[in-house]
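Student: Can you keep this structure in mind? I'll have questions shortly.
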Amino acid sequence: MPLQLQVIAVILAFGFFLLTIQLVRKGRAEVRQMKKWLLLAVIMLIGALIPGVGTRIAKMLGIVNLTSLALFTLTGVLLVFALNAHMSLINAERQIKVLTQEVSLLKKNVRESTEDKR
């Protein structure tokens with residue numbers, strides 16, 4: 001990996017790491033949700049600082065270069081993250097539906113009890 005590319009990769013990985021920490025610090029994200037992004041930032045930083053390990057892993061897997069391995073791996077990781085977020089969204093929608101139904105039933109019971117008292 002050329003030195004210029006390695007420096008850019010280190011700067012981007014470090015910037016991504018700082019961004020995730022900043023989001024948690026400002027309360028725009030929760031730590032439990034940002035753990036995977038922090039881990040990804042650390043992996044990016046390690047990969048940028050020690051590119052020889054990634055190149056050896058790529059060659060062992062029969063992949064021509066580190067860039068192809070990185071793009072394939074990061075695409076897979078991001079797809080897993082997206083699937084996880086989608087499943088969380090589906091569960092939240094399901095819970096909102098149940099809560100809305102429960103609130104409607106409670107409103108109906110309150111209305112009926114106030115009408116019975118009259």
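Scheme for the structure tokens: letters A, B, ... for chains in order shown; per-chain residue numbers from 1; ligand numbers from 1 in order shown.
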Can you list, as a ChimeraX atom specification, every protein, DNA or RNA residue that comes within 10 Å of range 32-35 of chain A when you count only C-alpha atoms, leaving out same-chain residues fewer than 5 positions away?
Tutor: /A:20-21,23-24,40-41,85
Student: Mind checking which residues fall within 6 Å of range 11-15 of chain A, counting only C-alpha atoms, ignoring those fewer than 3 positions away in the same chain, and posting them as a ChimeraX atom specification?
Tutor: /A:8,18,41,44-45
Student: Taking C-alpha atoms for each residue, export the selection above as a PDB file, in the first residue's frame.
Tutor:
```pdb
ATOM      1  CA  ILE A   8      -5.309   8.908   4.050  1.00  0.00           C
ATOM      2  CA  LEU A  18     -13.904  10.424  16.497  1.00  0.00           C
ATOM      3  CA  ALA A  41     -13.424   2.144  13.155  1.00  0.00           C
ATOM      4  CA  MET A  44     -10.158   0.244   9.826  1.00  0.00           C
ATOM      5  CA  LEU A  45      -7.417   1.927  11.850  1.00  0.00           C
TER       6      LEU A  45
END
```
Student: For the atom pair CA of Asn84 in chain A and CA of Lys36 in chain A, what is the interatomic distance in Å to one decimal place?
Tutor: 11.2 Å
Student: Which residue gives the smallest distance to Ser68 in chain A among A:Gly54, A:Gln101, A:Val7, A:Lys117, with only C-alpha atoms counted?
Tutor: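 Of the candidates, the smallest distance to Ser68 in chain A is held by A:Gly54.
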Student: So what do you get for CA of Ala70 in chain A versus CA of Ala9 in chain A, distance-wise?
Tutor: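 Here the two named atoms are 11.8 Å from each other.
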Student: So which one's closest to Ile50 in chain A, A:Val98, A:Leu38, A:Leu66, A:Leu89? Using only C-alpha atoms, please.
Tutor: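 Ranked by minimum distance to Ile50 in chain A, first place goes to A:Leu66.
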Student: So that I can check the surroundings of Ala58 in chain A, please list as a ChimeraX atom specification every protein, DNA and RNA residue that reaches within 12 Å of it, counting only C-alpha atoms and ignoring chain neighbours fewer than 5 positions away.
Tutor: /A:51-53,63-73
Student: To one decimal place, how far is CA of Leu49 in chain A from CA of Ala82 in chain A in Å?
Tutor: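 Separation between CA of Leu49 in chain A and CA of Ala82 in chain A: 27.3 Å.
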